[in-house]
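J.: You'll find target.tsv just under this line, and it carries TSV, C-alpha atoms.
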chain	number	residue	atom	x	y	z
V	287	MET	CA	3.94	-8.59	136.43
V	288	LYS	CA	5.57	-11.78	137.69
V	289	ILE	CA	2.96	-13.96	135.98
V	290	LYS	CA	3.45	-12.04	132.78
V	291	ASP	CA	7.23	-12.45	133.00
V	292	ALA	CA	6.78	-16.19	133.44
V	293	GLU	CA	4.60	-16.30	130.31
V	294	ILE	CA	7.14	-14.31	128.32
V	295	ILE	CA	9.96	-16.59	129.45
V	296	THR	CA	7.99	-19.70	128.47
V	297	LEU	CA	7.23	-18.25	125.04
V	298	MET	CA	10.83	-17.17	124.49
V	299	GLN	CA	12.24	-20.55	125.46
V	300	ASP	CA	10.21	-22.46	122.87
V	301	PRO	CA	11.52	-21.91	119.30
V	302	ARG	CA	7.98	-22.28	117.91
V	303	THR	CA	6.64	-19.38	120.02
V	304	GLN	CA	9.78	-17.25	120.19
V	305	ASP	CA	8.42	-14.57	117.82
V	306	LYS	CA	5.32	-14.24	119.96
V	307	GLY	CA	7.57	-14.06	123.03
V	308	VAL	CA	9.62	-11.19	121.57
V	309	ARG	CA	6.42	-9.29	120.82
V	310	ALA	CA	5.18	-9.83	124.40
V	311	LEU	CA	8.57	-8.82	125.81
V	312	MET	CA	8.61	-5.60	123.76
V	313	ASP	CA	5.01	-4.78	124.70
V	314	ALA	CA	5.84	-5.20	128.37
V	315	TYR	CA	9.17	-3.38	128.56
V	316	GLN	CA	9.62	-1.09	125.55
V	317	SER	CA	8.41	2.07	127.30
V	318	ARG	CA	10.46	1.63	130.52
V	319	LEU	CA	13.60	0.66	128.62
V	320	TYR	CA	13.19	3.43	126.08
V	321	TRP	CA	13.05	6.13	128.76
V	322	HIS	CA	15.93	4.58	130.66
V	323	ILE	CA	18.05	4.66	127.49
V	324	ARG	CA	16.78	8.09	126.45
V	325	ARG	CA	17.79	9.68	129.78
V	326	ILE	CA	21.31	8.31	129.35
V	327	ILE	CA	21.75	9.12	125.64
V	328	VAL	CA	19.31	12.08	125.30
V	329	ASP	CA	19.38	11.98	121.47
V	330	GLY	CA	16.06	10.53	120.20
V	331	ASP	CA	17.27	8.71	117.08
V	332	LEU	CA	20.20	7.10	118.87
V	333	ALA	CA	17.95	6.05	121.74
V	334	GLN	CA	15.62	4.39	119.23
V	335	ASP	CA	18.53	2.47	117.64
V	336	THR	CA	19.84	1.47	121.05
V	337	LEU	CA	16.47	0.13	122.18
V	338	GLN	CA	16.24	-1.88	118.97
V	339	ASP	CA	19.72	-3.33	119.57
V	340	THR	CA	18.73	-4.14	123.13
V	341	PHE	CA	15.77	-6.26	122.03
V	342	ILE	CA	17.78	-8.00	119.33
V	343	LYS	CA	20.49	-8.88	121.84
V	344	ALA	CA	17.88	-10.09	124.30
V	345	TYR	CA	16.41	-12.33	121.61
V	346	GLN	CA	19.77	-13.68	120.45
V	347	ASN	CA	21.09	-14.32	123.95
V	348	PHE	CA	17.94	-15.46	125.67
V	349	HIS	CA	19.49	-18.88	126.31
V	350	GLN	CA	21.88	-17.06	128.70
V	351	PHE	CA	19.03	-15.75	130.82
V	352	LYS	CA	18.82	-17.56	134.14
V	353	ASN	CA	15.59	-17.73	136.03
V	354	ASP	CA	17.33	-16.80	139.28
V	355	SER	CA	17.20	-13.11	138.28
V	356	GLN	CA	14.24	-10.95	137.30
V	357	LEU	CA	13.58	-10.54	133.59
V	358	TYR	CA	13.55	-6.74	133.82
V	359	THR	CA	16.88	-6.75	135.68
V	360	TRP	CA	18.43	-8.73	132.85
V	361	LEU	CA	16.89	-6.41	130.24
V	362	TYR	CA	18.01	-3.28	132.13
V	363	ARG	CA	21.53	-4.64	132.22
V	364	ILE	CA	21.58	-5.13	128.43
V	365	ALA	CA	19.98	-1.72	127.84
V	366	THR	CA	22.43	0.04	130.19
V	367	ASN	CA	25.45	-1.57	128.50
V	368	GLU	CA	24.16	-0.69	125.05
V	369	ALA	CA	23.42	2.90	126.11
V	370	LEU	CA	26.85	3.39	127.72
V	371	GLN	CA	28.54	2.04	124.58
V	372	GLN	CA	26.54	4.53	122.53
V	373	VAL	CA	27.52	7.42	124.83
V	374	ASN	CA	31.20	6.46	124.48
V	375	LYS	CA	30.83	6.51	120.70
V	376	MET	CA	29.19	9.93	120.89
V	377	LYS	CA	32.02	11.27	123.05
V	378	LYS	CA	34.61	9.97	120.61
V	379	MET	CA	32.85	11.64	117.72
V	380	GLN	CA	32.42	15.05	119.34
V	381	LYS	CA	34.88	17.90	118.82
V	382	THR	CA	38.03	17.55	120.93
V	383	ASP	CA	37.87	21.11	122.29
V	384	GLU	CA	34.24	20.78	123.43
V	385	ASP	CA	33.47	20.02	127.10
V	386	PRO	CA	31.49	16.72	127.31
V	387	GLU	CA	29.26	18.08	130.08
V	388	TYR	CA	28.46	21.20	128.07
V	389	TYR	CA	27.81	19.04	124.98
V	390	MET	CA	25.28	16.87	126.87
V	391	GLN	CA	23.52	19.90	128.35
V	392	ASN	CA	23.15	21.40	124.87
V	393	LEU	CA	21.74	18.09	123.70
V	394	VAL	CA	19.14	18.28	126.49
V	395	ALA	CA	18.09	21.77	125.40
V	396	ASP	CA	17.78	20.63	121.74
V	397	ASN	CA	15.67	17.57	122.57
V	398	THR	CA	13.12	18.91	125.05
V	399	GLU	CA	9.51	19.63	124.20
V	400	GLY	CA	8.69	23.28	123.62
V	401	ASP	CA	6.29	23.43	126.58
V	402	ALA	CA	8.63	21.72	129.10
V	403	GLU	CA	8.96	23.41	132.51
V	404	GLU	CA	12.19	25.20	133.25
V	405	ILE	CA	12.78	23.24	136.44
V	406	GLN	CA	12.42	19.95	134.57
V	407	ILE	CA	14.95	21.07	131.96
V	408	LEU	CA	17.31	22.12	134.75
V	409	LEU	CA	16.90	18.73	136.39
V	410	GLN	CA	17.87	16.94	133.18
V	411	LYS	CA	20.88	19.22	132.71
V	412	ALA	CA	21.92	18.58	136.30
V	413	ILE	CA	21.70	14.82	135.76
V	414	GLN	CA	23.99	15.14	132.73
V	415	SER	CA	26.56	16.94	134.88
V	416	LEU	CA	26.92	13.88	137.17
V	417	PRO	CA	29.67	11.24	136.90
V	418	GLU	CA	28.58	8.13	134.95
V	419	LYS	CA	27.90	5.80	137.89
V	420	GLN	CA	26.06	8.41	139.96
V	421	LYS	CA	23.98	9.25	136.90
V	422	LEU	CA	22.94	5.60	136.39
V	423	VAL	CA	22.11	5.00	140.04
V	424	PHE	CA	20.15	8.22	140.34
V	425	MET	CA	18.08	7.57	137.20
V	426	MET	CA	17.20	3.98	138.06
V	427	ARG	CA	16.26	4.90	141.61
V	428	TYR	CA	14.56	8.25	141.01
V	429	TYR	CA	12.63	7.52	137.78
V	430	ASP	CA	12.22	3.74	137.71
V	431	ASP	CA	12.00	3.27	141.47
V	432	LEU	CA	14.12	0.11	141.28
V	433	PRO	CA	15.19	-1.48	144.59
V	434	TYR	CA	18.89	-1.08	145.43
V	435	GLU	CA	19.28	-4.87	145.31
V	436	GLU	CA	18.19	-4.95	141.68
V	437	ILE	CA	20.28	-1.89	140.73
V	438	SER	CA	23.22	-3.67	142.35
V	439	LYS	CA	22.77	-6.60	139.92
V	440	ILE	CA	22.50	-4.26	136.94
V	441	VAL	CA	25.57	-2.10	137.55
V	442	ASP	CA	27.68	-4.58	139.59
V	443	MET	CA	28.00	-2.35	142.67
V	444	SER	CA	27.29	-3.05	146.32
V	445	VAL	CA	24.08	-1.76	147.87
V	446	GLY	CA	26.05	0.46	150.28
V	447	THR	CA	27.97	2.10	147.43
V	448	LEU	CA	24.75	2.62	145.54
V	449	LYS	CA	23.11	4.38	148.49
V	450	THR	CA	26.10	6.66	148.91
V	451	ASN	CA	26.14	7.42	145.19
V	452	TYR	CA	22.45	8.22	145.19
V	453	HIS	CA	22.85	10.55	148.17
V	454	TYR	CA	25.69	12.49	146.52
V	455	ALA	CA	23.88	12.62	143.19
V	456	LYS	CA	20.77	14.06	144.79
V	457	GLN	CA	22.82	16.66	146.65
V	458	LYS	CA	24.62	17.80	143.50
V	459	ILE	CA	21.40	18.03	141.52
V	460	GLU	CA	19.66	20.14	144.14
V	461	GLU	CA	22.63	22.50	144.32
V	462	HIS	CA	22.73	22.77	140.54
V	463	ILE	CA	19.05	23.65	140.38
V	464	LYS	CA	19.29	26.16	143.24
V	465	GLU	CA	22.17	27.91	141.48
V	466	ASN	CA	20.63	28.04	138.05
V	467	TYR	CA	16.90	28.42	138.57
V	468	GLU	CA	15.39	31.77	137.43
V	469	LYS	CA	18.71	33.04	136.20
T	83	MET	CA	15.76	29.45	145.26
T	84	LYS	CA	16.55	28.72	148.91
T	85	GLU	CA	14.82	25.40	149.66
T	86	PHE	CA	14.41	22.68	147.06
T	87	ASP	CA	13.69	18.93	147.36
T	88	ILE	CA	13.74	16.91	144.16
T	89	GLU	CA	11.73	14.13	145.81
T	90	LYS	CA	8.72	16.44	145.74
T	91	LEU	CA	9.17	17.15	142.03
T	92	GLU	CA	6.89	15.36	139.55
T	93	ARG	CA	8.64	12.63	137.52
T	94	LYS	CA	8.16	13.74	133.93
T	95	ASN	CA	9.56	12.80	130.56
T	96	ILE	CA	10.24	16.07	128.80
T	97	TYR	CA	11.95	14.84	125.64
T	98	LYS	CA	10.33	14.93	122.21
T	99	VAL	CA	9.13	11.54	120.98
T	100	PRO	CA	8.44	10.72	117.31
T	101	ASP	CA	5.01	9.37	116.29
T	102	HIS	CA	4.56	5.59	116.17
T	103	LEU	CA	7.90	5.19	117.93
T	104	PHE	CA	7.29	1.77	119.44
T	105	GLU	CA	5.46	0.37	116.40
T	106	ASN	CA	8.49	1.24	114.27
T	107	ILE	CA	10.91	-0.27	116.76
T	108	GLN	CA	8.89	-3.50	116.97
T	109	ASP	CA	8.71	-3.79	113.18
T	110	ARG	CA	12.45	-3.24	112.83
T	111	VAL	CA	13.25	-5.75	115.57
T	112	MET	CA	11.01	-8.42	114.05
T	113	HIS	CA	12.50	-7.75	110.61
T	114	ASP	CA	16.04	-8.18	111.96
T	115	VAL	CA	15.20	-11.17	114.10
T	116	LYS	CA	13.30	-13.34	111.57
T	117	PRO	CA	16.06	-13.88	108.95
T	118	ALA	CA	18.46	-14.79	111.75
T	119	LYS	CA	16.01	-17.44	112.90
T	120	LYS	CA	15.57	-18.92	109.43
T	121	ALA	CA	19.29	-19.44	108.89
T	122	PRO	CA	19.93	-22.99	110.11
T	123	ILE	CA	23.08	-23.74	112.01
T	124	PHE	CA	24.67	-27.01	110.96
T	125	LYS	CA	27.12	-28.81	113.15
T	126	LEU	CA	29.86	-30.40	111.08
T	127	ASN	CA	29.70	-34.16	111.40
T	128	TRP	CA	33.11	-35.49	110.36
T	129	ALA	CA	31.76	-38.93	109.45
T	130	TYR	CA	29.23	-37.41	107.03
T	131	ALA	CA	31.84	-35.02	105.67
T	132	ALA	CA	34.27	-37.89	104.99
T	133	ALA	CA	31.53	-39.99	103.37
T	134	ALA	CA	30.46	-37.06	101.19
T	135	SER	CA	34.08	-36.42	100.13
T	136	LEU	CA	34.60	-40.06	99.16
T	137	ALA	CA	31.33	-40.11	97.23
T	138	LEU	CA	32.39	-36.96	95.39
T	139	ILE	CA	35.81	-38.38	94.51
T	140	PHE	CA	34.41	-41.71	93.25
T	141	GLY	CA	31.59	-39.98	91.44
T	142	ALA	CA	33.94	-37.57	89.69
T	143	THR	CA	36.30	-40.42	88.76
T	144	PHE	CA	33.42	-42.45	87.33
T	145	VAL	CA	32.08	-39.50	85.32
T	146	PHE	CA	35.46	-38.61	83.83
T	147	ASN	CA	36.28	-42.23	83.00
T	148	SER	CA	32.91	-42.82	81.38
T	149	GLU	CA	33.30	-39.64	79.34
T	150	ASP	CA	36.71	-40.74	77.99
T	151	THR	CA	35.34	-43.77	76.12
T	152	PRO	CA	32.81	-42.01	73.90
T	153	ALA	CA	35.22	-39.14	73.39
T	154	THR	CA	37.61	-41.45	71.49
T	155	ASP	CA	34.77	-42.71	69.33
T	156	VAL	CA	33.47	-39.33	68.35
T	157	GLY	CA	35.22	-39.43	65.01
T	158	ASN	CA	33.74	-42.83	64.17
T	159	SER	CA	30.24	-42.20	65.48
T	160	LYS	CA	29.30	-40.22	62.45
T	161	GLY	CA	30.29	-43.08	60.19
T	162	ILE	CA	28.49	-45.65	62.32
T	163	TYR	CA	25.39	-43.54	62.32
T	164	ALA	CA	25.56	-43.22	58.53
T	165	GLU	CA	25.97	-46.98	58.14
T	166	ASN	CA	22.95	-47.72	60.35
T	167	LYS	CA	20.69	-45.27	58.68
T	168	ASN	CA	20.28	-47.36	55.46
T	169	GLU	CA	19.69	-44.19	53.51
T	170	PRO	CA	21.44	-43.28	50.24
T	171	LYS	CA	24.65	-41.42	50.98
T	172	THR	CA	25.05	-37.92	49.71
T	173	GLU	CA	27.92	-36.95	47.45
T	174	SER	CA	29.61	-35.05	50.18
T	175	GLU	CA	29.47	-38.05	52.54
T	176	ILE	CA	30.96	-40.32	49.96
T	177	ALA	CA	33.75	-37.86	49.22
T	178	TYR	CA	34.43	-37.40	52.93
T	179	GLU	CA	34.69	-41.14	53.48
T	180	THR	CA	36.94	-41.52	50.49
T	181	LEU	CA	39.34	-38.86	51.65
T	182	LYS	CA	39.29	-40.22	55.16
T	183	SER	CA	40.11	-43.75	54.12
T	184	ASP	CA	42.92	-42.44	51.94
T	185	VAL	CA	44.42	-40.56	54.80
T	186	ILE	CA	44.09	-43.54	57.14
T	187	SER	CA	45.67	-45.94	54.67
T	188	VAL	CA	48.62	-43.61	54.06
T	189	ASP	CA	49.10	-43.03	57.78
T	190	SER	CA	48.85	-46.70	58.60
T	191	ASN	CA	51.43	-47.57	56.02
T	192	LYS	CA	53.81	-45.01	57.43
T	193	ASN	CA	53.13	-46.00	61.02
T	194	SER	CA	53.54	-49.71	60.40
T	195	ASP	CA	56.94	-49.06	58.83
T	196	ASN	CA	58.00	-46.75	61.62
T	197	GLN	CA	56.62	-48.99	64.29
T	198	GLU	CA	58.72	-51.91	63.29
T	199	THR	CA	61.93	-49.93	63.17
T	200	LYS	CA	61.18	-48.00	66.34
T	201	THR	CA	60.21	-50.98	68.47
T	202	GLU	CA	63.32	-52.81	67.41
T	203	SER	CA	65.54	-49.87	68.30
T	204	TYR	CA	63.80	-49.28	71.64
T	205	VAL	CA	64.22	-52.91	72.63
T	206	GLN	CA	67.83	-52.87	71.61
T	207	GLN	CA	68.63	-49.61	73.34
T	208	SER	CA	67.02	-49.86	76.75
T	209	GLY	CA	65.32	-53.20	77.03
T	210	GLU	CA	62.57	-51.50	79.03
T	211	LYS	CA	58.85	-51.98	78.69
T	212	MET	CA	58.37	-49.49	75.89
T	213	LYS	CA	55.28	-50.02	73.82
T	214	ALA	CA	54.31	-48.14	70.69
T	215	ALA	CA	50.86	-46.64	70.58
T	216	PRO	CA	48.32	-48.94	68.93
T	217	VAL	CA	47.44	-47.84	65.42
T	218	LYS	CA	44.25	-48.76	63.69
T	219	ALA	CA	45.12	-51.12	60.86
T	220	VAL	CA	42.95	-50.81	57.82
T	221	SER	CA	42.10	-54.27	56.56
T	222	LYS	CA	42.98	-55.24	53.00
T	223	LYS	CA	39.38	-56.09	52.35
T	224	GLU	CA	38.33	-52.58	53.21
T	225	GLU	CA	41.05	-51.12	50.98
T	226	LYS	CA	39.95	-53.31	48.13
T	227	GLN	CA	36.37	-52.18	48.49
T	228	VAL	CA	37.40	-48.54	48.49
T	229	ASN	CA	39.57	-49.03	45.42
T	230	GLU	CA	36.74	-50.76	43.57
T	231	TYR	CA	34.45	-47.95	44.56
T	232	LEU	CA	36.87	-45.32	43.33
T	233	ASP	CA	37.37	-47.16	40.07
T	234	SER	CA	33.69	-46.82	39.33
T	235	PHE	CA	34.14	-43.00	39.10
T	236	SER	CA	35.65	-41.15	36.21
T	237	ASN	CA	38.52	-38.72	36.82
T	238	SER	CA	36.30	-35.69	36.37
T	239	GLU	CA	33.76	-37.06	38.89
T	240	ILE	CA	36.47	-37.70	41.50
T	241	SER	CA	37.89	-34.21	41.11
T	242	GLU	CA	34.40	-32.76	41.47
T	243	LEU	CA	33.76	-34.84	44.60
T	244	ALA	CA	37.08	-33.87	46.03
T	245	SER	CA	36.32	-30.17	45.58
T	246	ASN	CA	32.89	-30.64	47.20
T	247	SER	CA	34.35	-32.59	50.06
T	248	THR	CA	36.84	-29.82	50.86
T	249	GLN	CA	33.97	-27.37	51.08
T	250	ASP	CA	31.91	-29.66	53.28
T	251	VAL	CA	34.73	-30.36	55.65
T	252	TYR	CA	35.22	-26.63	55.99
T	253	LEU	CA	31.52	-26.12	56.66
T	254	ASP	CA	31.43	-28.99	59.14
T	255	LEU	CA	34.26	-27.48	61.08
T	256	TYR	CA	33.25	-23.88	61.19
T	257	ASN	CA	29.46	-23.78	61.00
Could you write out this file's structure as structure tokens?

T.:
Amino acid sequence: MKIKDAEIITLMQDPRTQDKGVRALMDAYQSRLYWHIRRIIVDGDLAQDTLQDTFIKAYQNFHQFKNDSQLYTWLYRIATNEALQQVNKMKKMQKTDEDPEYYMQNLVADNTEGDAEEIQILLQKAIQSLPEKQKLVFMMRYYDDLPYEEISKIVDMSVGTLKTNYHYAKQKIEEHIKENYEK
Amino acid sequence: MKEFDIEKLERKNIYKVPDHLFENIQDRVMHDVKPAKKAPIFKLNWAYAAAASLALIFGATFVFNSEDTPATDVGNSKGIYAENKNEPKTESEIAYETLKSDVISVDSNKNSDNQETKTESYVQQSGEKMKAAPVKAVSKKEEKQVNEYLDSFSNSEISELASNSTQDVYLDLYN
């Protein structure tokens, strides 16, 4: 992966090969970034738009990328910011009397595959019931298996805080599933 | 459910995904990115900007000044062209020239009278550098030629030419 990142960076830094670099970057990271965004936003169309915006921003601001951080860390940071902005827009647009947590859980139910397991749906609903920071930390650690050091660079939090947040998030999710499973 | 550990749960993506999702995203990104790349970004160089402005000013001044000279000769160009052609003049051309020379001679007579009186009064009144506009003086030789030419026509021919010339002037102006 590191060699591939180095190739992508070289292609992106040369204006003559930048198009090829964007293609290589999308091929390498589109799936991981899409699912990261999708778990935050839930809505499929909005997640698609957000991923597109993420790549465009990465292309336009590639001169700001410093080689002292990992390429995927930088991309995750852009994707997370774009996704959180999108969630804020969604919250502003929703009805004022509707509970945001309830709204997100309904969105989960509307967007899941027909053959999805109940426990998996419950897990997603439980994630949506978490506070924003806990949600981000949990998803990046649980699904993407990112090291705490890298998550720390993405969300600007200390490693200790991240560990605590992950612990609480996990606890809340397990309680939520225990309470709601087979009801 | 009494005991549950999410670490033991399989990591699954359970959301619906449209067909050709990533192909569409890549196409849209490349479409959005390419025009942005083609648009060149110019840094404003003040030296070039100043040079371009000066060139524009001098160029515009030259063009307007050069256009002024032929513009004053437009009325005469037709006559000059007719003289150089060495072709027999039509009746309408002859009548037009006749009327024109008459008008010029009458105007010049009036202007020469006025000019003398006016310049004298201006000099007396203010003593400033007031100059009357230059008026084209029709030479006596030219007048004589025109008079000889007119004498060669009978009264009926002149009236006929005059009526034709009125028509032609009208047509020249509005067609």

J.: Can you tell me which residues surround His453 in chain V at a distance of at most 10 Å, considering only C-alpha atoms, apart from same-chain residues fewer than 6 positions away, and format the answer as an MDAnalysis selection string?

T.: chainID V and resid 420 423:424 447

J.: Counting all atoms listed in the file, figure out which residue out of V:Ile364, V:Lys419, V:Asp305, V:Tyr429 gets nearest to Thr450 in chain V.

T.: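 Of V:Ile364, V:Lys419, V:Asp305, V:Tyr429, the one nearest Thr450 in chain V is V:Lys419, counting all atoms listed in the file.
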
J.: Would you mind telling me which residue in V:Arg325, V:Ile295, V:Ile342, V:Arg318 lies nearest to Val111 in chain T when using all atoms listed in the file?

T.: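 The closest residue to Val111 in chain T is V:Ile342.
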
J.: Compute the distance from (15.9, 2.5, 145.1) to each atom, counting only C-alpha atoms, keep the residues with any atom at most 12 Å away, and return them as a list in words; use the coordinates of the file.

T.: Leu422, Val423, Phe424, Met425, Met426, Arg427, Tyr428, Tyr429, Asp430, Asp431, Leu432, Pro433, Tyr434, Glu435, Glu436, Ile437, Ser438, Val445, Gly446, Leu448, Lys449, Thr450, Asn451, Tyr452 and His453 of chain V

J.: Produce a table with one row for each residue of chain T that has an atom at most 7 Å from any atom of chain V, each row naming the nearest atom pair and its distance in Å at one decimal; use only C-alpha atoms; arrange rows by chain and rising residue number; format as a Markdown table.

T.:
| residue | atom | partner | partner_atom | distance |
| --- | --- | --- | --- | --- |
| T:Met83 | CA | V:Lys464 | CA | 5.2 |
| T:Lys84 | CA | V:Lys464 | CA | 6.8 |
| T:Phe86 | CA | V:Glu460 | CA | 6.5 |
| T:Asp87 | CA | V:Glu460 | CA | 6.9 |
| T:Ile88 | CA | V:Glu460 | CA | 6.7 |
| T:Arg93 | CA | V:Tyr429 | CA | 6.5 |
| T:Ile96 | CA | V:Thr398 | CA | 5.5 |
| T:Tyr97 | CA | V:Thr398 | CA | 4.3 |
| T:Lys98 | CA | V:Glu399 | CA | 5.2 |
| T:Ile107 | CA | V:Gln338 | CA | 6.0 |
| T:Val111 | CA | V:Gln338 | CA | 6.0 |
| T:Val115 | CA | V:Ile342 | CA | 6.6 |

J.: Please compute the CA of Asp385 in chain V-CA of Glu418 in chain V distance, one decimal, in Å.

T.: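 Between CA of Asp385 in chain V and CA of Glu418 in chain V the gap works out to 15.1 Å.
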